[in-house]
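Enquirer: Take a look at data13.txt, compact mmCIF, C-alpha atoms:
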```txt
# COMPACT_ATOMS: atom_id res chain seq x y z
CA MET M 1 54.38 126.65 161.26
CA MET M 2 51.63 124.23 162.22
CA LYS M 3 48.04 125.06 163.16
CA THR M 4 45.54 122.69 164.71
CA TYR M 5 41.78 123.05 164.36
CA LEU M 6 38.83 121.51 166.13
CA LEU M 7 35.90 121.03 163.74
CA LEU M 8 32.37 120.71 165.13
CA ARG M 9 30.20 119.85 162.14
CA GLN M 10 26.43 120.15 161.73
CA VAL M 11 25.71 121.43 165.23
CA LYS M 12 21.93 121.76 165.55
CA ILE M 13 20.90 124.58 167.90
CA HIS M 14 17.34 125.04 169.14
CA ASN M 15 15.92 128.40 170.27
CA ALA M 16 19.08 130.52 170.07
CA ASN M 17 18.75 134.22 170.84
CA ALA M 18 18.27 136.09 167.55
CA LEU M 19 18.13 139.55 169.18
CA SER M 20 21.85 140.29 168.96
CA SER M 21 21.62 143.96 170.08
CA PRO M 22 18.96 146.63 170.75
CA LEU M 23 19.05 147.46 167.02
CA THR M 24 19.77 144.15 165.25
CA ILE M 25 17.81 140.92 164.96
CA GLY M 26 18.10 137.73 162.95
CA PHE M 27 21.44 136.10 163.90
CA PRO M 28 23.28 135.66 167.22
CA ALA M 29 26.03 138.19 167.94
CA MET M 30 29.67 137.20 167.51
CA THR M 31 30.14 137.75 171.23
CA ALA M 32 27.80 134.78 171.77
CA TRP M 33 29.78 132.49 169.47
CA LEU M 34 33.14 133.42 171.00
CA GLY M 35 31.55 133.19 174.45
CA PHE M 36 30.66 129.57 173.69
CA MET M 37 34.24 128.91 172.58
CA HIS M 38 35.57 130.37 175.83
CA ALA M 39 33.06 128.38 177.92
CA LEU M 40 34.03 125.16 176.15
CA GLU M 41 37.71 125.84 176.81
CA ARG M 42 37.04 126.37 180.52
CA LYS M 43 35.17 123.07 180.75
CA MET M 44 37.92 121.22 178.93
CA ARG M 45 40.60 122.58 181.25
CA GLN M 46 38.78 121.17 184.28
CA GLN M 47 40.17 117.79 183.20
CA PRO M 48 43.71 117.44 184.66
CA GLU M 49 45.13 116.08 181.38
CA LEU M 50 43.66 119.03 179.46
CA GLU M 51 44.97 121.94 181.52
CA ASP M 52 47.01 123.18 178.54
CA VAL M 53 44.04 123.41 176.15
CA ARG M 54 43.74 126.86 174.57
CA PHE M 55 41.20 127.98 171.97
CA LYS M 56 42.36 131.00 169.97
CA LYS M 57 39.97 131.81 167.10
CA LEU M 58 36.61 130.75 165.71
CA ALA M 59 34.81 130.61 162.37
CA VAL M 60 31.04 130.06 162.07
CA SER M 61 29.47 128.55 158.96
CA CYS M 62 25.66 128.61 158.96
CA HIS M 63 24.10 125.79 156.92
CA ASP M 64 20.44 126.29 157.77
CA TRP M 65 18.27 128.56 159.88
CA ASP M 66 14.64 128.91 160.88
CA PHE M 67 13.85 132.36 162.24
CA GLN M 68 10.82 132.13 164.52
CA THR M 69 8.57 134.80 163.00
CA TYR M 70 5.09 134.84 161.49
CA LYS M 71 3.56 136.97 158.76
CA GLY M 72 -0.13 136.52 158.15
CA ALA M 73 -2.10 137.29 155.02
CA GLY M 74 -2.23 141.06 154.56
CA ASP M 75 0.35 141.74 157.29
CA TYR M 76 2.98 144.36 156.50
CA VAL M 77 5.56 143.26 159.08
CA ASN M 78 6.58 139.96 160.67
CA SER M 79 5.65 139.12 164.25
CA ILE M 80 7.91 137.28 166.70
CA ILE M 81 6.67 133.84 167.69
CA ILE M 82 6.92 133.53 171.47
CA THR M 83 6.02 130.82 173.94
CA ASP M 84 3.50 131.22 176.72
CA ASN M 85 4.23 130.58 180.38
CA PRO M 86 1.84 128.34 182.36
CA LEU M 87 -1.00 130.02 184.23
CA ARG M 88 -0.42 130.70 187.90
CA LYS M 89 -3.03 130.84 190.63
CA LYS M 90 -3.86 134.18 192.20
CA GLY M 91 -6.51 133.88 194.86
CA ALA M 92 -9.53 132.10 193.43
CA SER M 93 -8.53 132.76 189.80
CA PHE M 94 -5.62 132.24 187.48
CA GLU M 95 -3.50 134.84 185.75
CA ARG M 96 -0.97 134.90 182.97
CA PRO M 97 2.56 135.53 184.32
CA PRO M 98 4.56 138.37 182.75
CA PHE M 99 7.02 137.56 180.01
CA ILE M 100 9.71 139.24 177.94
CA GLU M 101 9.47 139.03 174.16
CA GLU M 102 12.48 137.11 172.88
CA ALA M 103 13.35 136.55 169.24
CA ARG M 104 14.46 132.97 168.65
CA ILE M 105 16.10 131.10 165.81
CA HIS M 106 16.88 127.45 165.08
CA LEU M 107 20.29 126.97 163.48
CA THR M 108 22.51 124.32 161.96
CA VAL M 109 26.13 125.46 161.97
CA SER M 110 29.68 124.17 161.72
CA LEU M 111 32.32 125.67 164.01
CA LEU M 112 36.01 125.71 163.17
CA ILE M 113 38.13 126.49 166.24
CA GLU M 114 41.86 127.17 166.07
CA MET M 115 43.49 125.62 169.12
CA LYS M 116 46.87 125.08 170.69
CA SER M 117 48.56 121.91 169.47
CA LEU M 118 48.45 119.05 171.94
CA SER M 119 50.26 115.76 172.29
CA PRO M 120 48.61 113.08 170.10
CA SER M 121 48.10 110.92 173.18
CA ILE M 122 45.77 113.56 174.64
CA TYR M 123 43.29 113.64 171.76
CA PRO M 124 41.23 110.60 172.83
CA VAL M 125 40.73 112.20 176.26
CA PHE M 126 39.97 115.51 174.58
CA CYS M 127 37.30 113.97 172.33
CA ASP M 128 35.66 112.08 175.18
CA LYS M 129 35.44 115.30 177.20
CA VAL M 130 33.91 117.26 174.31
CA GLN M 131 31.35 114.50 173.71
CA GLU M 132 30.50 114.64 177.42
CA VAL M 133 30.11 118.39 177.95
CA LEU M 134 28.80 119.60 174.59
CA PRO M 135 25.20 118.28 174.87
CA ALA M 136 24.77 120.10 178.20
CA MET M 137 26.05 123.45 176.89
CA LYS M 138 24.22 126.32 175.26
CA ILE M 139 25.12 128.50 172.28
CA ALA M 140 23.61 131.99 172.30
CA GLY M 141 21.07 130.71 174.82
CA GLY M 142 20.01 127.86 172.54
CA ASP M 143 20.11 124.13 173.30
CA ILE M 144 22.49 121.86 171.38
CA LEU M 145 20.36 119.03 169.98
CA SER M 146 22.98 117.08 168.01
CA PHE M 147 26.35 117.28 166.30
CA ARG M 148 28.51 115.17 164.03
CA PRO M 149 31.56 113.21 165.27
CA ILE M 150 34.39 115.48 166.38
CA GLN M 151 37.22 116.02 163.92
CA PHE M 152 40.68 117.52 164.14
CA LEU M 153 42.48 119.20 161.27
CA LYS M 154 46.16 119.98 161.21
CA LYS M 155 47.72 122.40 158.73
CA THR M 156 51.43 123.01 158.13
CA SER M 157 53.28 125.18 155.65
CA ASP M 158 54.86 122.24 153.82
CA SER M 159 52.46 119.36 154.35
CA SER M 160 48.94 118.61 155.43
CA SER M 161 47.37 115.96 157.56
CA ALA M 162 44.22 115.27 159.48
CA PHE M 163 43.34 112.95 162.28
CA SER M 164 40.31 112.12 164.37
CA PRO M 165 39.73 109.29 166.84
CA TYR M 166 36.05 109.37 165.77
CA CYS M 167 36.64 109.33 161.99
CA SER M 168 37.22 106.22 159.92
CA LYS M 169 39.42 108.01 157.38
CA LEU M 170 41.60 111.09 157.02
CA LEU M 171 39.83 114.23 155.83
CA PHE M 172 42.73 115.22 153.61
CA GLY M 173 46.41 114.54 153.17
CA ASP M 174 46.01 111.51 150.92
CA ASP M 175 46.99 113.44 147.78
CA GLU M 176 50.62 113.66 146.78
CA ASP M 177 50.20 117.38 146.11
CA THR M 178 50.85 119.25 149.38
CA ASP M 179 50.71 122.73 147.91
CA ALA M 180 49.80 125.28 150.61
CA ASP M 181 46.98 126.78 148.55
CA LYS M 182 45.32 123.42 147.95
CA GLU M 183 45.72 122.64 151.62
CA GLU M 184 43.89 125.84 152.46
CA ARG M 185 41.08 125.01 150.05
CA ARG M 186 40.63 121.56 151.58
CA LEU M 187 40.21 123.15 155.00
CA ILE M 188 37.65 125.62 153.69
CA ARG M 189 35.61 122.94 151.94
CA ASN M 190 34.81 121.38 155.30
CA LEU M 191 32.57 124.39 156.01
CA MET M 192 30.57 124.01 152.80
CA PRO M 193 27.75 124.38 151.95
CA GLY M 194 26.95 127.35 154.13
CA TYR M 195 27.57 131.02 154.79
CA VAL M 196 30.30 132.45 157.01
CA LEU M 197 30.00 135.84 158.65
CA VAL M 198 32.93 138.20 158.10
CA GLU M 199 33.55 141.79 159.13
CA ARG M 200 33.24 144.66 156.67
CA ARG M 201 34.04 147.71 158.81
CA HIS M 202 36.46 148.93 156.16
CA LEU M 203 33.39 149.92 154.12
CA LEU M 204 32.46 152.41 156.84
CA GLN M 205 36.02 153.76 156.81
CA GLU M 206 35.83 154.23 153.07
CA GLU M 207 32.68 156.25 153.62
CA GLY M 208 34.84 158.73 155.53
CA THR M 209 32.40 158.96 158.42
CA GLY M 210 33.40 159.98 161.92
CA GLN M 211 32.27 158.15 165.03
CA SER M 212 29.16 160.35 165.32
CA ASP M 213 28.20 159.58 161.70
CA THR M 214 28.88 155.82 161.72
CA MET M 215 25.20 154.94 161.97
CA GLN M 216 24.35 157.23 159.07
CA GLY M 217 27.13 155.72 156.98
CA MET M 218 25.82 152.24 157.76
CA LEU M 219 22.28 153.20 156.76
CA ASP M 220 23.54 154.74 153.51
CA LEU M 221 25.19 151.43 152.57
CA LEU M 222 22.22 149.26 153.57
CA ALA M 223 19.30 151.42 152.41
CA LEU M 224 17.29 150.36 149.36
CA HIS M 225 16.58 153.19 146.90
CA CYS M 226 13.58 152.87 144.58
CA ASP M 227 13.60 154.98 141.41
CA TYR M 228 11.18 155.05 138.54
CA ASP M 229 12.74 154.29 135.15
CA GLU M 230 10.67 155.96 132.45
CA ASN M 231 12.42 154.03 129.67
CA LYS M 232 11.56 150.66 131.21
CA ASP M 233 8.27 151.93 132.68
CA SER M 234 9.09 150.24 136.00
CA TRP M 235 10.58 150.87 139.41
CA GLN M 236 14.24 149.95 139.88
CA THR M 237 15.69 149.07 143.29
CA THR M 238 19.35 149.83 144.00
CA ARG M 239 21.68 149.76 146.98
CA ARG M 240 25.12 151.27 147.42
CA GLY M 241 26.58 148.38 149.39
CA LYS M 242 27.36 145.24 147.40
CA GLY M 243 26.94 141.73 148.75
CA TRP M 244 24.86 140.31 151.61
CA LEU M 245 25.65 143.15 154.01
CA ILE M 246 24.08 143.30 157.46
CA PRO M 247 24.62 145.30 160.67
CA ILE M 248 26.24 143.12 163.34
CA ALA M 249 27.01 143.46 167.05
CA VAL M 250 30.70 142.81 167.74
CA GLY M 251 31.28 143.82 171.36
CA PHE M 252 30.94 146.57 173.92
CA LYS M 253 32.34 149.99 174.77
CA GLY M 254 32.73 150.99 178.41
CA LEU M 255 30.74 154.05 179.47
CA THR M 256 31.86 154.43 183.08
CA PRO M 257 35.19 153.92 184.89
CA LEU M 258 35.94 150.48 186.28
CA GLY M 259 34.72 150.18 189.83
CA HIS M 260 32.02 148.60 191.96
CA VAL M 261 28.27 149.18 192.18
CA ALA M 262 25.73 148.17 194.77
CA ASN M 263 24.41 144.61 194.58
CA GLN M 264 26.65 143.51 191.72
CA ARG M 265 26.80 139.72 191.31
CA ASP M 266 30.54 139.30 191.76
CA ALA M 267 31.82 141.64 194.47
CA GLY M 268 35.44 140.84 193.64
CA THR M 269 35.34 141.81 189.94
CA PRO M 270 35.47 145.44 188.74
CA HIS M 271 32.25 146.56 187.08
CA ARG M 272 31.36 149.15 184.46
CA PHE M 273 28.36 150.07 182.37
CA ALA M 274 28.74 149.50 178.63
CA GLU M 275 26.87 149.79 175.35
CA PRO M 276 26.92 147.45 172.34
CA ILE M 277 29.08 148.22 169.31
CA LEU M 278 27.67 147.82 165.81
CA THR M 279 29.52 147.57 162.54
CA LEU M 280 28.99 146.05 159.10
CA GLY M 281 29.27 142.35 158.36
CA GLU M 282 28.74 140.20 155.32
CA PHE M 283 27.53 136.65 154.79
CA LEU M 284 29.46 134.88 152.04
CA MET M 285 30.07 131.30 151.05
CA PRO M 286 33.36 129.90 152.40
CA HIS M 287 34.80 129.21 148.95
CA HIS M 288 34.99 132.99 148.38
CA CYS M 289 37.66 133.17 151.11
CA GLN M 290 41.23 132.59 149.96
CA THR M 291 42.45 131.56 153.42
CA VAL M 292 40.92 130.20 156.61
CA GLU M 293 42.23 133.26 158.45
CA GLU M 294 39.80 135.49 156.53
CA MET M 295 36.84 133.93 158.33
CA MET M 296 38.33 133.56 161.83
CA TRP M 297 37.16 135.77 164.72
CA GLN M 298 39.03 136.51 167.95
CA TYR M 299 38.81 138.71 171.04
CA ARG M 300 40.52 142.08 171.28
CA TYR M 301 40.66 144.47 174.25
CA GLU M 302 41.67 148.10 173.70
CA ALA M 303 42.26 149.62 177.12
CA ASP M 304 42.86 153.15 175.82
CA LYS M 305 39.43 153.16 174.11
CA ASP M 306 37.54 151.00 176.64
CA LEU M 307 36.65 148.55 173.87
CA TYR M 308 35.83 144.86 174.37
CA VAL M 309 35.34 143.57 170.84
CA CYS M 310 35.42 140.56 168.53
CA VAL M 311 37.41 141.24 165.37
CA ASN M 312 37.71 139.57 162.00
CA GLU M 313 39.46 142.34 160.08
CA HIS M 314 42.81 143.06 161.68
CA GLU M 315 43.81 146.22 159.86
CA GLY M 316 42.47 149.69 160.56
CA GLU M 317 40.18 150.98 163.23
CA ASP M 318 36.52 151.93 163.46
```
Could you take the file, read its structure, and then write that structure out as C-alpha cells?
Expert:
Amino acid sequence: MMKTYLLLRQVKIHNANALSSPLTIGFPAMTAWLGFMHALERKMRQQPELEDVRFKKLAVSCHDWDFQTYKGAGDYVNSIIITDNPLRKKGASFERPPFIEEARIHLTVSLLIEMKSLSPSIYPVFCDKVQEVLPAMKIAGGDILSFRPIQFLKKTSDSSSAFSPYCSKLLFGDDEDTDADKEERRLIRNLMPGYVLVERRHLLQEEGTGQSDTMQGMLDLLALHCDYDENKDSWQTTRRGKGWLIPIAVGFKGLTPLGHVANQRDAGTPHRFAEPILTLGEFLMPHHCQTVEEMMWQYRYEADKDLYVCVNEHEGED
C-alpha cells in the first residue's frame, strides 16, 4: 500500500486567531487547520488537470509561536494585545469605532497532508498551483507570510521514495535499508524540531466521567495542586495529568434540527445551531510518535449524535 504526502514546511502565519473556543485560548482549533486543508483542496480542483486531487488527513507541527499578550510589572494576569481602528468623523468631532477583542498569535508550522496519489506528470502543475494560491490564503484567519519549497513524500510498505520538482535532492530513499520502521522515522523527522498536537480523550474515558461530568474530569486532570511539605519546608506543586496536556476544541455538536432560519447566508443549505466540543489534547515532539498516523487528524460526522468533529484517536467515544 502506498501513501503520498504533501509537505508544507516552515509556513509563517501572522495574526492567526488564538481564541479557539469560548473557553480555550492560545492555539488555533483543529477545525481551523482542517478547514485550511479543505479550502486548499477546493482551490486545487479548480484547475482542470487537478480535478482528482483529494486531501485526506493533516498533521500540524508547531516550530515557533508568539502569543500576542502583555504582562506588565506587578500584573497578575496577561492582557491581550489588540490593534486600534482609525478614528472616524462624527459631526464636528472624531470618535473611536467599536471593536471586538481578538486574541492573536504568530506561528511557524509545518503541515503534512495525506493526499490521493496522482500521476507523476501532474505534480509540476500541482506545485505551480500551490505556489500560486497559498500566499493569498489564510490559516485560522492569519496571513501566510512565507513558506519553504513544496515537497512530496511517498511511502510504501516495501520501499520508500521521495520526489519534489522544487527540491534538488531526494528527502529519503537513498539508503539501501528500506525497513518500514526506518521509513516511518524518516517521515517523522521532517516535522522536527517542533510539537505536534494529538488527541487525548481516552484520559477522560479512563476517568469514568459521563457527558455531564466531562468538564469536571478535564479540570481534575489539568488542575495544579499545591501542598505544603513539612519535611522539605516548601510548597510542592503536583498535577494528575502527565505531559503537556491542554483543553482543545475539536468540532461542534448540533443543538437544533436541520432546517432553515430567517436571513441565513445560504438559503439552499440546511442550517442548525451548534456548540463547540472540547476534549483533551497533548503537545509532544514528533519523535515520540511511532507512526505518522498517530499525529494525523481527519473529519468525522456522526449523524446519530449530531457531531461534526476532527479526530486523531480512532478508538472509543467521548
Enquirer: Need to verify the contact set: M:Gln298, 6 Å, only C-alpha atoms, exclusion of same-chain residues closer than 3 positions in sequence. Can you return it as a list in words?
Expert: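 So the residues in contact are Lys57, Cys310 and Val311 of chain M.
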Enquirer: Here is a test: counting all atoms listed in the file, which residue of M:Phe99, M:Tyr308, M:Tyr70, M:Trp235 is nearest to M:Pro276?
Expert: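 Nearest to M:Pro276: M:Tyr308.
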Enquirer: Nearest residue to M:Asp52 out of M:Ala274, M:Leu245, M:Met115, M:Ala32, using only C-alpha atoms?
Expert: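 Nearest candidate to M:Asp52 out of M:Ala274, M:Leu245, M:Met115, M:Ala32: M:Met115.
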Enquirer: One number please: atom CA of M:Thr214 to atom CA of M:Met30, in Å, one decimal.
Expert: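 Computed distance, atom CA of M:Thr214 to atom CA of M:Met30, equals 19.5 Å.
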Enquirer: One number please: atom CA of M:Ala223 to atom CA of M:Ser21, in Å, one decimal.
Expert: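 A separation of 19.3 Å between them.
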Enquirer: Name the residues in contact with stretch 48-51 of chain M at a cut-off of 10 Å, using all atoms listed in the file, excluding same-chain residues fewer than 6 positions from it; report them as number ranges by chain.
Expert: M: 41-42, 118, 122-123, 125-126, 129
Enquirer: From the list M:Gln131, M:Ser146, M:Gln216, M:Thr69, which residue is nearest M:Ile13 when using all atoms listed in the file?
Expert: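 Nearest to M:Ile13: M:Ser146.
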Enquirer: Tell me which of M:Tyr76, M:Phe27, M:Phe36, M:Phe252 sits closest to M:Thr108, counting all atoms listed in the file.
Expert: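 Looking at the shortest contact to M:Thr108, the residue is M:Phe27.
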Enquirer: Find the spatial neighbours of M:Phe273, counting all atoms listed in the file, within a cut-off of 8 Å - ignore same-chain residues fewer than 2 positions away - and output them as number ranges by chain.
Expert: M: 254-256, 271, 275
Enquirer: Any chance you could export the current selection's C-alpha atoms as a PDB file, in the coordinates of the input?
Expert:
```
ATOM      1  CA  GLY M 254      32.730 150.990 178.410  1.00  0.00           C
ATOM      2  CA  LEU M 255      30.740 154.050 179.470  1.00  0.00           C
ATOM      3  CA  THR M 256      31.860 154.430 183.080  1.00  0.00           C
ATOM      4  CA  HIS M 271      32.250 146.560 187.080  1.00  0.00           C
ATOM      5  CA  GLU M 275      26.870 149.790 175.350  1.00  0.00           C
TER       6      GLU M 275
END
```
Enquirer: What does the distance between atom CA of M:Asn17 and atom CA of M:Ile105 come to in Å, to one decimal place?
Expert: 6.5 Å
Enquirer: Find, counting all atoms listed in the file, the residue in M:Ala39, M:Ile100, M:Leu284, M:Ala303 that gets nearest to M:Pro193.
Expert: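 Residue with the minimum atom-to-atom distance to M:Pro193: M:Leu284.
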Enquirer: Of the candidates M:Thr291, M:Asn312, M:Ser93, M:Asn231, which one gets nearest to M:Arg201 if we count all atoms listed in the file?
Expert: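 Comparing M:Thr291, M:Asn312, M:Ser93, M:Asn231 against M:Arg201, the winner is M:Asn312.
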Enquirer: Using only C-alpha atoms - which residues lie no farther than 7 Å from the point (23.6, 139.4, 152.2) in the file's frame? Write them as a PyMOL selection string.
Expert: chain M and resi 243-246+282-283
Enquirer: Compile the contact shell of M:Glu114 as a list in words: residues with an atom at most 7 Å away, counting all atoms listed in the file, same-chain residues fewer than 2 positions apart removed.
Expert: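 Neighbouring residues, sequence-local ones excluded: Thr4, Tyr5, Leu6, Phe55, Lys56, Lys57, Leu58 and Leu112 of chain M.
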Enquirer: Atoms are missing here; could stretch 69-83 of chain M be completed with N, CA and C atoms and written as a PDB file, keeping the file's coordinate frame?
Expert:
```
ATOM      1  N   THR M  69       9.457 133.668 163.232  1.00  0.00           N
ATOM      2  CA  THR M  69       8.570 134.800 163.000  1.00  0.00           C
ATOM      3  C   THR M  69       7.355 134.329 162.211  1.00  0.00           C
ATOM      4  N   TYR M  70       6.329 135.164 162.204  1.00  0.00           N
ATOM      5  CA  TYR M  70       5.090 134.840 161.490  1.00  0.00           C
ATOM      6  C   TYR M  70       4.583 136.070 160.775  1.00  0.00           C
ATOM      7  N   LYS M  71       4.132 135.886 159.540  1.00  0.00           N
ATOM      8  CA  LYS M  71       3.560 136.970 158.760  1.00  0.00           C
ATOM      9  C   LYS M  71       2.271 136.463 158.127  1.00  0.00           C
ATOM     10  N   GLY M  72       1.153 136.962 158.638  1.00  0.00           N
ATOM     11  CA  GLY M  72      -0.130 136.520 158.150  1.00  0.00           C
ATOM     12  C   GLY M  72      -0.519 137.185 156.844  1.00  0.00           C
ATOM     13  N   ALA M  73      -1.610 136.713 156.272  1.00  0.00           N
ATOM     14  CA  ALA M  73      -2.100 137.290 155.020  1.00  0.00           C
ATOM     15  C   ALA M  73      -2.492 138.753 155.247  1.00  0.00           C
ATOM     16  N   GLY M  74      -1.926 139.637 154.440  1.00  0.00           N
ATOM     17  CA  GLY M  74      -2.230 141.060 154.560  1.00  0.00           C
ATOM     18  C   GLY M  74      -1.381 141.797 155.567  1.00  0.00           C
ATOM     19  N   ASP M  75      -0.531 141.077 156.322  1.00  0.00           N
ATOM     20  CA  ASP M  75       0.350 141.740 157.290  1.00  0.00           C
ATOM     21  C   ASP M  75       1.487 142.449 156.567  1.00  0.00           C
ATOM     22  N   TYR M  76       1.875 143.600 157.101  1.00  0.00           N
ATOM     23  CA  TYR M  76       2.980 144.360 156.500  1.00  0.00           C
ATOM     24  C   TYR M  76       4.320 143.962 157.108  1.00  0.00           C
ATOM     25  N   VAL M  77       4.325 143.616 158.388  1.00  0.00           N
ATOM     26  CA  VAL M  77       5.560 143.260 159.080  1.00  0.00           C
ATOM     27  C   VAL M  77       5.418 141.861 159.678  1.00  0.00           C
ATOM     28  N   ASN M  78       6.560 141.255 160.008  1.00  0.00           N
ATOM     29  CA  ASN M  78       6.580 139.960 160.670  1.00  0.00           C
ATOM     30  C   ASN M  78       6.388 140.132 162.171  1.00  0.00           C
ATOM     31  N   SER M  79       5.820 139.135 162.797  1.00  0.00           N
ATOM     32  CA  SER M  79       5.650 139.120 164.250  1.00  0.00           C
ATOM     33  C   SER M  79       6.536 138.009 164.826  1.00  0.00           C
ATOM     34  N   ILE M  80       7.072 138.267 166.018  1.00  0.00           N
ATOM     35  CA  ILE M  80       7.910 137.280 166.700  1.00  0.00           C
ATOM     36  C   ILE M  80       7.033 136.204 167.315  1.00  0.00           C
ATOM     37  N   ILE M  81       7.382 134.951 167.070  1.00  0.00           N
ATOM     38  CA  ILE M  81       6.670 133.840 167.690  1.00  0.00           C
ATOM     39  C   ILE M  81       7.265 133.608 169.074  1.00  0.00           C
ATOM     40  N   ILE M  82       6.438 133.716 170.099  1.00  0.00           N
ATOM     41  CA  ILE M  82       6.920 133.530 171.470  1.00  0.00           C
ATOM     42  C   ILE M  82       6.139 132.414 172.131  1.00  0.00           C
ATOM     43  N   THR M  83       6.698 131.866 173.179  1.00  0.00           N
ATOM     44  CA  THR M  83       6.020 130.820 173.940  1.00  0.00           C
ATOM     45  C   THR M  83       5.307 131.431 175.127  1.00  0.00           C
TER      46      THR M  83
END
```
